[in-house]
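J.: This is entry_16.cif (mmCIF, C-alpha atoms).
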data_target
#
loop_
_atom_site.group_PDB
_atom_site.id
_atom_site.type_symbol
_atom_site.label_atom_id
_atom_site.label_comp_id
_atom_site.auth_asym_id
_atom_site.auth_seq_id
_atom_site.Cartn_x
_atom_site.Cartn_y
_atom_site.Cartn_z
ATOM 1 C CA MET A 284 69.111 126.284 117.499
ATOM 2 C CA GLN A 285 67.371 125.936 114.151
ATOM 3 C CA ALA A 286 70.120 123.704 112.780
ATOM 4 C CA GLU A 287 69.877 121.315 115.731
ATOM 5 C CA SER A 288 66.149 120.748 115.491
ATOM 6 C CA SER A 289 66.328 119.981 111.791
ATOM 7 C CA ARG A 290 68.614 117.025 112.451
ATOM 8 C CA ALA A 291 67.152 113.550 112.354
ATOM 9 C CA TRP A 292 66.169 112.097 115.734
ATOM 10 C CA GLY A 293 68.779 109.740 117.140
ATOM 11 C CA LEU A 294 71.714 111.181 115.201
ATOM 12 C CA ALA A 295 74.416 112.465 117.567
ATOM 13 C CA HIS A 296 75.609 115.994 116.806
ATOM 14 C CA HIS A 297 79.197 114.924 116.137
ATOM 15 C CA PHE A 298 78.290 112.662 113.212
ATOM 16 C CA ASP A 299 77.494 113.787 109.665
ATOM 17 C CA ASN A 300 74.999 111.019 109.003
ATOM 18 C CA PHE A 301 73.660 107.678 110.277
ATOM 19 C CA GLU A 302 76.150 105.719 108.153
ATOM 20 C CA GLN A 303 79.106 107.385 109.866
ATOM 21 C CA GLN A 304 77.485 106.940 113.267
ATOM 22 C CA ARG A 305 76.918 103.226 112.602
ATOM 23 C CA GLU A 306 80.490 102.639 111.407
ATOM 24 C CA ALA A 307 81.882 104.403 114.488
ATOM 25 C CA SER A 308 79.831 102.408 116.990
ATOM 26 C CA TYR A 309 80.558 99.110 115.206
ATOM 27 C CA LEU A 310 84.300 99.857 115.277
ATOM 28 C CA GLY A 311 84.182 101.082 118.876
ATOM 29 C CA MET A 312 82.417 97.923 120.003
ATOM 30 C CA TRP A 313 85.069 95.802 118.298
ATOM 31 C CA VAL A 314 87.842 97.745 120.067
ATOM 32 C CA PHE A 315 86.102 96.945 123.362
ATOM 33 C CA LEU A 316 85.850 93.268 122.373
ATOM 34 C CA VAL A 317 89.601 93.217 121.627
ATOM 35 C CA THR A 318 90.195 94.250 125.260
ATOM 36 C CA GLU A 319 87.814 91.433 126.234
ATOM 37 C CA ILE A 320 89.928 88.961 124.202
ATOM 38 C CA MET A 321 92.902 90.008 126.349
ATOM 39 C CA PHE A 322 90.796 89.787 129.538
ATOM 40 C CA PHE A 323 89.913 86.152 128.858
ATOM 41 C CA GLY A 324 93.357 85.678 127.242
ATOM 42 C CA GLY A 325 95.051 85.835 130.638
ATOM 43 C CA LEU A 326 92.943 82.925 131.880
ATOM 44 C CA PHE A 327 93.514 80.942 128.691
ATOM 45 C CA THR A 328 97.272 81.507 129.122
ATOM 46 C CA ALA A 329 97.082 80.265 132.718
ATOM 47 C CA TYR A 330 95.211 77.182 131.448
ATOM 48 C CA VAL A 331 97.895 76.482 128.810
ATOM 49 C CA VAL A 332 100.741 76.810 131.331
ATOM 50 C CA TYR A 333 99.187 74.663 134.072
ATOM 51 C CA ARG A 334 97.928 72.033 131.656
ATOM 52 C CA SER A 335 101.425 71.848 130.146
ATOM 53 C CA ALA A 336 102.791 71.291 133.638
ATOM 54 C CA ASN A 337 100.470 68.345 134.324
ATOM 55 C CA ALA A 338 98.301 67.245 131.427
ATOM 56 C CA ARG A 339 97.233 64.006 133.118
ATOM 57 C CA ALA A 340 95.808 65.801 136.144
ATOM 58 C CA PHE A 341 93.817 68.044 133.790
ATOM 59 C CA ALA A 342 92.528 64.992 131.919
ATOM 60 C CA LEU A 343 91.384 63.426 135.217
ATOM 61 C CA GLY A 344 89.629 66.663 136.209
ATOM 62 C CA SER A 345 88.051 66.988 132.765
ATOM 63 C CA LYS A 346 86.547 63.493 133.080
ATOM 64 C CA GLU A 347 84.593 64.681 136.146
ATOM 65 C CA LEU A 348 82.675 67.168 133.973
ATOM 66 C CA ASP A 349 79.354 66.179 132.404
ATOM 67 C CA ILE A 350 79.981 66.046 128.659
ATOM 68 C CA THR A 351 76.244 65.740 127.851
ATOM 69 C CA LEU A 352 75.352 68.911 129.736
ATOM 70 C CA GLY A 353 78.362 70.672 128.227
ATOM 71 C CA ALA A 354 77.378 69.725 124.670
ATOM 72 C CA PHE A 355 73.733 70.635 125.350
ATOM 73 C CA ASN A 356 74.792 74.066 126.606
ATOM 74 C CA THR A 357 77.004 74.576 123.557
ATOM 75 C CA ALA A 358 74.002 73.923 121.313
ATOM 76 C CA VAL A 359 71.814 76.247 123.422
ATOM 77 C CA LEU A 360 74.363 79.055 123.204
ATOM 78 C CA ILE A 361 74.782 78.656 119.435
ATOM 79 C CA GLY A 362 70.974 78.777 119.174
ATOM 80 C CA SER A 363 70.926 82.004 121.189
ATOM 81 C CA SER A 364 73.526 83.447 118.818
ATOM 82 C CA LEU A 365 71.183 82.632 115.932
ATOM 83 C CA THR A 366 68.228 84.401 117.590
ATOM 84 C CA MET A 367 70.491 87.368 118.426
ATOM 85 C CA ALA A 368 71.611 87.564 114.796
ATOM 86 C CA LEU A 369 67.941 87.466 113.731
ATOM 87 C CA ALA A 370 67.173 90.307 116.179
ATOM 88 C CA VAL A 371 69.795 92.413 114.408
ATOM 89 C CA TRP A 372 68.304 91.347 111.073
ATOM 90 C CA ALA A 373 64.839 92.468 112.257
ATOM 91 C CA ALA A 374 66.333 95.788 113.428
ATOM 92 C CA GLN A 375 67.835 96.359 109.983
ATOM 93 C CA GLN A 376 64.332 96.059 108.514
ATOM 94 C CA GLY A 377 62.874 98.271 111.248
ATOM 95 C CA LYS A 378 60.486 95.516 112.457
ATOM 96 C CA ARG A 379 60.169 96.417 116.116
ATOM 97 C CA LYS A 380 57.948 93.554 117.277
ATOM 98 C CA GLN A 381 60.256 91.010 115.698
ATOM 99 C CA ILE A 382 63.266 92.680 117.355
ATOM 100 C CA ALA A 383 61.564 92.235 120.748
ATOM 101 C CA LEU A 384 60.558 88.647 119.937
ATOM 102 C CA PHE A 385 64.069 87.554 118.952
ATOM 103 C CA LEU A 386 65.610 89.397 121.911
ATOM 104 C CA VAL A 387 63.218 87.579 124.291
ATOM 105 C CA LEU A 388 64.153 84.232 122.692
ATOM 106 C CA THR A 389 67.831 85.095 123.177
ATOM 107 C CA ILE A 390 67.180 85.897 126.847
ATOM 108 C CA LEU A 391 65.304 82.603 127.330
ATOM 109 C CA LEU A 392 68.111 80.547 125.756
ATOM 110 C CA GLY A 393 70.667 82.448 127.841
ATOM 111 C CA GLY A 394 68.573 81.607 130.919
ATOM 112 C CA VAL A 395 68.557 77.904 129.990
ATOM 113 C CA PHE A 396 72.345 77.995 129.675
ATOM 114 C CA LEU A 397 72.771 79.596 133.111
ATOM 115 C CA GLY A 398 70.255 77.150 134.634
ATOM 116 C CA VAL A 399 72.253 74.159 133.365
ATOM 117 C CA LYS A 400 75.414 75.835 134.668
ATOM 118 C CA VAL A 401 73.848 76.057 138.149
ATOM 119 C CA VAL A 402 73.030 72.309 138.017
ATOM 120 C CA GLU A 403 76.630 71.574 136.987
ATOM 121 C CA TYR A 404 78.132 73.796 139.714
ATOM 122 C CA ARG A 405 75.898 72.157 142.333
ATOM 123 C CA ALA A 406 77.051 68.675 141.313
ATOM 124 C CA LYS A 407 80.718 69.738 141.470
ATOM 125 C CA ILE A 408 80.241 71.257 144.941
ATOM 126 C CA ASP A 409 78.408 68.118 146.136
ATOM 127 C CA HIS A 410 81.296 65.973 144.864
ATOM 128 C CA HIS A 411 83.841 68.098 146.793
ATOM 129 C CA LEU A 412 85.327 69.458 143.587
ATOM 130 C CA LEU A 413 85.078 73.144 144.523
ATOM 131 C CA PRO A 414 88.669 74.302 145.227
ATOM 132 C CA GLY A 415 89.201 75.114 148.880
ATOM 133 C CA PRO A 416 89.250 73.322 152.258
ATOM 134 C CA ASP A 417 86.467 70.949 151.124
ATOM 135 C CA PHE A 418 88.236 69.857 147.957
ATOM 136 C CA HIS A 419 88.845 66.149 147.725
ATOM 137 C CA PHE A 420 89.955 64.106 144.738
ATOM 138 C CA PRO A 421 91.113 60.494 145.165
ATOM 139 C CA VAL A 422 94.295 59.991 143.137
ATOM 140 C CA THR A 423 95.027 56.330 142.285
ATOM 141 C CA GLU A 424 98.471 54.834 142.868
ATOM 142 C CA VAL A 425 99.081 54.520 139.150
ATOM 143 C CA ASP A 426 98.326 58.214 138.638
ATOM 144 C CA GLU A 427 100.562 59.102 141.586
ATOM 145 C CA ILE A 428 103.451 57.277 139.954
ATOM 146 C CA LEU A 429 102.679 59.266 136.795
ATOM 147 C CA GLY A 430 103.174 62.458 138.788
ATOM 148 C CA VAL A 431 99.602 63.475 139.593
ATOM 149 C CA GLN A 432 98.911 65.087 142.966
ATOM 150 C CA GLU A 433 95.549 66.180 144.345
ATOM 151 C CA GLY A 434 96.657 69.817 144.049
ATOM 152 C CA ASN A 435 97.185 69.457 140.288
ATOM 153 C CA VAL A 436 93.564 68.366 139.835
ATOM 154 C CA GLU A 437 92.476 71.177 142.165
ATOM 155 C CA MET A 438 94.221 73.635 139.832
ATOM 156 C CA PHE A 439 92.099 72.313 136.954
ATOM 157 C CA PHE A 440 88.965 73.078 138.961
ATOM 158 C CA ASN A 441 90.330 76.500 139.941
ATOM 159 C CA LEU A 442 90.574 77.300 136.253
ATOM 160 C CA TYR A 443 87.240 75.600 135.489
ATOM 161 C CA PHE A 444 85.377 77.785 137.992
ATOM 162 C CA ALA A 445 87.312 80.955 137.124
ATOM 163 C CA MET A 446 86.841 80.600 133.355
ATOM 164 C CA THR A 447 83.233 79.403 133.293
ATOM 165 C CA GLY A 448 82.406 81.832 136.133
ATOM 166 C CA LEU A 449 83.756 84.843 134.253
ATOM 167 C CA HIS A 450 81.912 83.607 131.171
ATOM 168 C CA ALA A 451 78.664 83.229 133.139
ATOM 169 C CA LEU A 452 79.127 86.743 134.580
ATOM 170 C CA HIS A 453 79.348 88.065 131.023
ATOM 171 C CA MET A 454 76.103 86.273 130.190
ATOM 172 C CA ILE A 455 74.315 87.661 133.263
ATOM 173 C CA ILE A 456 75.388 91.205 132.288
ATOM 174 C CA GLY A 457 74.349 90.489 128.697
ATOM 175 C CA ILE A 458 70.887 89.300 129.755
ATOM 176 C CA GLY A 459 70.484 92.471 131.854
ATOM 177 C CA VAL A 460 71.266 94.666 128.860
ATOM 178 C CA LEU A 461 69.003 92.529 126.629
ATOM 179 C CA LEU A 462 66.074 93.106 129.005
ATOM 180 C CA VAL A 463 66.533 96.880 128.669
ATOM 181 C CA MET A 464 66.674 96.476 124.886
ATOM 182 C CA VAL A 465 63.371 94.583 124.767
ATOM 183 C CA VAL A 466 61.729 97.613 126.425
ATOM 184 C CA LEU A 467 63.493 99.996 124.038
ATOM 185 C CA ALA A 468 62.431 97.888 121.039
ATOM 186 C CA LEU A 469 58.771 97.865 122.140
ATOM 187 C CA ARG A 470 58.892 101.634 122.688
ATOM 188 C CA GLY A 471 60.064 102.020 119.099
ATOM 189 C CA SER A 472 63.535 103.341 119.919
ATOM 190 C CA PHE A 473 65.096 101.441 117.031
ATOM 191 C CA SER A 474 64.587 102.223 113.370
ATOM 192 C CA ARG A 475 65.924 100.995 110.043
ATOM 193 C CA LYS A 476 68.567 103.746 110.186
ATOM 194 C CA ASN A 477 69.277 103.814 113.895
ATOM 195 C CA HIS A 478 69.750 100.437 115.575
ATOM 196 C CA ASN A 479 73.376 100.594 116.691
ATOM 197 C CA LEU A 480 72.526 99.396 120.204
ATOM 198 C CA VAL A 481 71.037 96.147 118.864
ATOM 199 C CA GLU A 482 73.999 95.575 116.552
ATOM 200 C CA CYS A 483 76.586 96.240 119.305
ATOM 201 C CA MET A 484 74.679 94.014 121.726
ATOM 202 C CA GLY A 485 74.781 91.328 119.021
ATOM 203 C CA LEU A 486 78.570 91.634 118.774
ATOM 204 C CA TYR A 487 78.878 91.265 122.557
ATOM 205 C CA TRP A 488 76.594 88.223 122.654
ATOM 206 C CA HIS A 489 78.422 86.498 119.783
ATOM 207 C CA PHE A 490 81.742 87.205 121.522
ATOM 208 C CA VAL A 491 80.486 85.446 124.666
ATOM 209 C CA ASP A 492 79.438 82.550 122.397
ATOM 210 C CA ILE A 493 82.966 82.377 120.916
ATOM 211 C CA VAL A 494 84.537 82.235 124.394
ATOM 212 C CA TRP A 495 82.346 79.204 125.131
ATOM 213 C CA ILE A 496 83.256 77.622 121.766
ATOM 214 C CA PHE A 497 86.844 77.481 123.106
ATOM 215 C CA LEU A 498 85.989 76.704 126.745
ATOM 216 C CA PHE A 499 83.917 73.642 125.814
ATOM 217 C CA PRO A 500 86.687 71.597 124.115
ATOM 218 C CA LEU A 501 89.434 72.827 126.466
ATOM 219 C CA LEU A 502 87.583 72.004 129.690
ATOM 220 C CA TYR A 503 85.198 69.170 128.737
ATOM 221 C CA LEU A 504 86.766 67.317 125.830
ATOM 222 C CA LEU A 505 90.573 67.265 125.940
ATOM 223 C CA GLY A 506 91.843 64.170 127.714
ATOM 224 C CA ARG A 507 88.651 62.125 127.252
ATOM 225 C CA ASN A 508 90.594 59.398 125.450
ATOM 226 C CA ILE A 509 93.118 58.779 128.250
ATOM 227 C CA MET B 207 79.921 101.985 103.009
ATOM 228 C CA THR B 208 76.226 101.186 103.229
ATOM 229 C CA GLU B 209 75.033 98.572 105.649
ATOM 230 C CA HIS B 210 75.016 95.051 104.252
ATOM 231 C CA ILE B 211 72.028 92.995 105.351
ATOM 232 C CA THR B 212 72.904 89.329 105.736
ATOM 233 C CA SER B 213 70.047 87.060 104.625
ATOM 234 C CA VAL B 214 68.176 84.776 107.037
ATOM 235 C CA ARG B 215 69.253 81.884 104.820
ATOM 236 C CA THR B 216 72.943 82.656 105.492
ATOM 237 C CA TYR B 217 72.306 82.829 109.248
ATOM 238 C CA LEU B 218 70.532 79.464 109.181
ATOM 239 C CA LEU B 219 73.310 77.826 107.132
ATOM 240 C CA VAL B 220 75.961 79.130 109.556
ATOM 241 C CA PHE B 221 73.855 77.886 112.479
ATOM 242 C CA ILE B 222 73.567 74.389 110.947
ATOM 243 C CA ALA B 223 77.327 74.335 110.236
ATOM 244 C CA LEU B 224 78.062 75.300 113.871
ATOM 245 C CA MET B 225 75.770 72.537 115.165
ATOM 246 C CA ILE B 226 77.386 69.906 112.911
ATOM 247 C CA LEU B 227 80.877 71.011 114.000
ATOM 248 C CA THR B 228 79.806 70.780 117.662
ATOM 249 C CA ALA B 229 78.683 67.179 117.086
ATOM 250 C CA VAL B 230 81.954 66.420 115.244
ATOM 251 C CA THR B 231 84.133 67.852 118.020
ATOM 252 C CA VAL B 232 82.329 65.732 120.648
ATOM 253 C CA LEU B 233 82.640 62.571 118.540
ATOM 254 C CA VAL B 234 86.357 62.996 117.750
ATOM 255 C CA ALA B 235 87.089 63.730 121.429
ATOM 256 C CA PHE B 236 86.708 60.001 122.132
ATOM 257 C CA GLN B 237 89.201 59.051 119.390
ATOM 258 C CA ASP B 238 92.910 59.013 120.137
ATOM 259 C CA PHE B 239 95.074 60.937 117.670
ATOM 260 C CA GLY B 240 98.067 60.975 120.029
ATOM 261 C CA ALA B 241 99.858 64.307 119.938
ATOM 262 C CA TRP B 242 97.244 65.609 117.479
ATOM 263 C CA ASN B 243 94.307 65.544 119.925
ATOM 264 C CA ASP B 244 94.699 69.192 120.936
ATOM 265 C CA VAL B 245 95.308 70.262 117.343
ATOM 266 C CA VAL B 246 92.109 68.584 116.103
ATOM 267 C CA ALA B 247 89.935 70.038 118.907
ATOM 268 C CA LEU B 248 91.341 73.543 118.532
ATOM 269 C CA THR B 249 91.133 73.494 114.718
ATOM 270 C CA ILE B 250 87.402 72.760 114.932
ATOM 271 C CA ALA B 251 86.987 75.508 117.567
ATOM 272 C CA VAL B 252 88.850 78.013 115.364
ATOM 273 C CA ILE B 253 86.652 77.141 112.363
ATOM 274 C CA LYS B 254 83.504 77.629 114.507
ATOM 275 C CA ALA B 255 84.776 80.939 115.910
ATOM 276 C CA SER B 256 85.676 82.137 112.401
ATOM 277 C CA LEU B 257 82.151 81.388 111.141
ATOM 278 C CA VAL B 258 80.673 83.391 114.032
ATOM 279 C CA VAL B 259 83.045 86.340 113.503
ATOM 280 C CA LEU B 260 82.642 86.445 109.714
ATOM 281 C CA PHE B 261 78.873 86.036 109.426
ATOM 282 C CA PHE B 262 77.088 86.520 112.773
ATOM 283 C CA MET B 263 79.377 89.456 113.612
ATOM 284 C CA HIS B 264 79.334 90.784 110.021
ATOM 285 C CA ILE B 265 83.131 91.073 109.662
ATOM 286 C CA TYR B 266 82.944 89.476 106.182
ATOM 287 C CA HIS B 267 81.052 92.530 104.882
ATOM 288 C CA SER B 268 82.767 95.149 107.059
ATOM 289 C CA THR B 269 85.401 97.783 106.298
ATOM 290 C CA ARG B 270 89.139 97.058 106.197
ATOM 291 C CA LEU B 271 89.557 99.093 109.369
ATOM 292 C CA SER B 272 87.196 96.786 111.300
ATOM 293 C CA LYS B 273 88.961 93.697 109.929
ATOM 294 C CA LEU B 274 92.306 95.190 110.998
ATOM 295 C CA VAL B 275 91.036 95.721 114.562
ATOM 296 C CA VAL B 276 89.944 92.060 114.794
ATOM 297 C CA VAL B 277 93.286 90.794 113.477
ATOM 298 C CA SER B 278 95.206 93.108 115.822
ATOM 299 C CA GLY B 279 93.320 91.613 118.765
ATOM 300 C CA LEU B 280 94.413 88.127 117.710
ATOM 301 C CA VAL B 281 98.021 89.276 117.244
ATOM 302 C CA TRP B 282 98.138 90.526 120.852
ATOM 303 C CA LEU B 283 96.659 87.251 122.080
ATOM 304 C CA VAL B 284 99.372 85.322 120.211
ATOM 305 C CA ILE B 285 102.024 87.579 121.811
ATOM 306 C CA LEU B 286 100.517 86.982 125.264
ATOM 307 C CA ILE B 287 100.429 83.174 124.977
ATOM 308 C CA GLY B 288 103.505 82.841 122.740
ATOM 309 C CA LEU B 289 105.922 84.882 124.867
ATOM 310 C CA THR B 290 104.659 83.285 128.089
ATOM 311 C CA LEU B 291 105.191 79.794 126.693
ATOM 312 C CA SER B 292 108.584 80.651 125.199
ATOM 313 C CA ASP B 293 109.692 81.400 128.758
ATOM 314 C CA TYR B 294 108.126 78.382 130.485
ATOM 315 C CA LEU B 295 109.107 75.878 127.766
ATOM 316 C CA SER B 296 112.689 77.100 127.291
ATOM 317 C CA ARG B 297 113.387 76.883 131.032
ATOM 318 C CA GLY B 298 112.060 73.321 131.106
ATOM 319 C CA LEU B 299 109.485 74.283 133.737
ATOM 320 C CA VAL B 300 106.700 72.634 131.743
ATOM 321 C CA GLY B 301 106.505 70.234 128.815
ATOM 322 C CA LEU B 302 104.123 70.133 125.862
ATOM 323 C CA ALA B 303 100.691 69.033 127.096
ATOM 324 C CA SER B 304 100.158 66.539 124.299
ATOM 325 C CA SER B 305 103.376 64.568 124.850
#
Starting from the file, lay out its structure as structure tokens.
T.:
Amino acid sequence: MQAESSRAWGLAHHFDNFEQQREASYLGMWVFLVTEIMFFGGLFTAYVVYRSANARAFALGSKELDITLGAFNTAVLIGSSLTMALAVWAAQQGKRKQIALFLVLTILLGGVFLGVKVVEYRAKIDHHLLPGPDFHFPVTEVDEILGVQEGNVEMFFNLYFAMTGLHALHMIIGIGVLLVMVVLALRGSFSRKNHNLVECMGLYWHFVDIVWIFLFPLLYLLGRNI
Amino acid sequence: MTEHITSVRTYLLVFIALMILTAVTVLVAFQDFGAWNDVVALTIAVIKASLVVLFFMHIYHSTRLSKLVVVSGLVWLVILIGLTLSDYLSRGLVGLASS
């Protein structure tokens, strides 16, 4: 196997060179993210349909959410996207310590986001806003005349927990993969030519950021002015 | 196509733009534009998402094939939401949320 051993380390046998390997993994990751768009797309469609059916109930539910915490988390997640982008930048220069540093910062910011989410979930559960037998939302007479029933507001919180929960699950998985990558970076597994894992992880993390960029206005902001 | 390395300066500018747009979207949420509320909020979200896709996710400097994959994903999303709504709206089961 003389030919095999003369190949550069990290280059899979079915690629001609690192350039081709990088293009293929970048494209493959995007194809996966397109399936993720459709995964979240189903929930977004459900949101559009149920909000169209009773926009006022959704506005009432939205007002129960903490806009300050939501905005803070949006800023935190955008910050983590910046550190993730800088980790990819460091990988492109082959600076392994900087890769690890930026990945750790990304993990920390992701942890802050999830921590705030726990605080928010706790408050919703304490206020009986978790859908189920304990759910209670006082609907005023005026709102009742306008067609709002408790169940309509409950549907908003069904979607709130489903959408933010699926988003949080993606972040937990992402943080798990990031932890592995910090170890790989410190071991020197990434080089200027071969850092596809970091780049693909970056795409995933930015995708999760984009989902939140839509979730924030849809869940926290729309209906504030009613 | 050799790998394009986006500068730190570009990343920082995109980051600042995203932060400003976040502040703007929170501020305009308390204004009433009537039927245009949803449009305003979603337009800002689309601009933010586009910045992330183009620069953080390197689509701006990628091949045509990669750009095509991204656009195809959006086309399927439009089909998903568009066809679902065409059914619900045309049967009068739901109305437009903003009205």
J.: Any chance you could tabulate, as a Markdown table, the residues of chain B at most 6 Å from chain A with each one's nearest atom pair and distance in Å to one decimal, using all atoms listed in the file, in chain and rising number order?
T.:
| residue | atom | partner | partner_atom | distance |
| --- | --- | --- | --- | --- |
| B:Ala235 | CA | A:Leu504 | CA | 5.7 |
| B:Phe236 | CA | A:Asn508 | CA | 5.1 |
| B:Asp238 | CA | A:Asn508 | CA | 5.8 |
| B:Ala251 | CA | A:Phe497 | CA | 5.9 |
| B:Ala255 | CA | A:Ile493 | CA | 5.5 |
| B:Phe262 | CA | A:Ala368 | CA | 5.9 |
| B:Met263 | CA | A:Leu486 | CA | 5.7 |
| B:Ser272 | CA | A:Leu310 | CA | 5.8 |
| B:Gly279 | CA | A:Val317 | CA | 5.0 |
| B:Ile287 | CA | A:Thr328 | CA | 5.5 |
| B:Val300 | CA | A:Ala336 | CA | 4.5 |
| B:Gly301 | CA | A:Ser335 | CA | 5.5 |
| B:Leu302 | CA | A:Ser335 | CA | 5.3 |
| B:Ala303 | CA | A:Ser335 | CA | 4.2 |
J.: Kindly indicate which residue among A:Phe315, A:Leu480, A:His419, A:Asn441 lies nearest to Val275 (chain B), using only C-alpha atoms for the distances.
T.: A:Phe315
J.: Taking only C-alpha atoms into account, name the residue in B:Ile265, B:Val281, B:Leu291, B:Leu299 that is nearest to His210 (chain B).
T.: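 Answer, going by the shortest atom-to-atom distance: B:Ile265.
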J.: Would you list the contacts of Val399 (chain A) as a VMD selection string, taking every protein, DNA or RNA residue within 10 Å and counting all atoms listed in the file, but skipping same-chain residues closer than 5 positions in sequence?
T.: chain A and resid 352 to 353 355 to 356 394 404 to 405
J.: I'd like to see the residues matched by the PyMOL selection byres ((chain A and resi 344) around 10) on this file, and ideally I'd get them as a list in words.
T.: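 After applying the PyMOL selection byres ((chain A and resi 344) around 10), what remains is Ala338, Arg339, Ala340, Phe341, Ala342, Leu343, Ser345, Lys346, Glu347, Leu348, Leu412, Phe420, Asn435, Val436, Glu437, Met438, Phe439, Phe440, Tyr443, Leu502, Tyr503 and Gly506 of chain A.
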J.: Please export region 409-431 of chain A as a PDB file, in the first residue's frame, restricted to C-alpha atoms.
T.:
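New file result21.pdb:
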ATOM      1  CA  ASP A 409     -44.976  28.384  38.227  1.00  0.00           C
ATOM      2  CA  HIS A 410     -47.588  30.588  36.530  1.00  0.00           C
ATOM      3  CA  HIS A 411     -49.545  27.508  35.345  1.00  0.00           C
ATOM      4  CA  LEU A 412     -48.693  28.203  31.722  1.00  0.00           C
ATOM      5  CA  LEU A 413     -47.343  24.730  30.920  1.00  0.00           C
ATOM      6  CA  PRO A 414     -49.985  23.057  28.694  1.00  0.00           C
ATOM      7  CA  GLY A 415     -51.695  20.179  30.449  1.00  0.00           C
ATOM      8  CA  PRO A 416     -54.014  19.585  33.432  1.00  0.00           C
ATOM      9  CA  ASP A 417     -52.333  22.408  35.397  1.00  0.00           C
ATOM     10  CA  PHE A 418     -52.767  25.007  32.675  1.00  0.00           C
ATOM     11  CA  HIS A 419     -54.724  28.045  33.734  1.00  0.00           C
ATOM     12  CA  PHE A 420     -55.128  31.355  31.943  1.00  0.00           C
ATOM     13  CA  PRO A 421     -57.770  33.871  33.062  1.00  0.00           C
ATOM     14  CA  VAL A 422     -59.574  35.190  29.981  1.00  0.00           C
ATOM     15  CA  THR A 423     -61.330  38.549  30.532  1.00  0.00           C
ATOM     16  CA  GLU A 424     -64.934  39.076  29.450  1.00  0.00           C
ATOM     17  CA  VAL A 425     -63.879  41.491  26.739  1.00  0.00           C
ATOM     18  CA  ASP A 426     -61.479  38.923  25.281  1.00  0.00           C
ATOM     19  CA  GLU A 427     -64.178  36.249  25.492  1.00  0.00           C
ATOM     20  CA  ILE A 428     -66.494  38.413  23.419  1.00  0.00           C
ATOM     21  CA  LEU A 429     -63.622  38.787  20.940  1.00  0.00           C
ATOM     22  CA  GLY A 430     -63.542  35.007  20.596  1.00  0.00           C
ATOM     23  CA  VAL A 431     -60.664  34.044  22.885  1.00  0.00           C
TER      24      VAL A 431
END
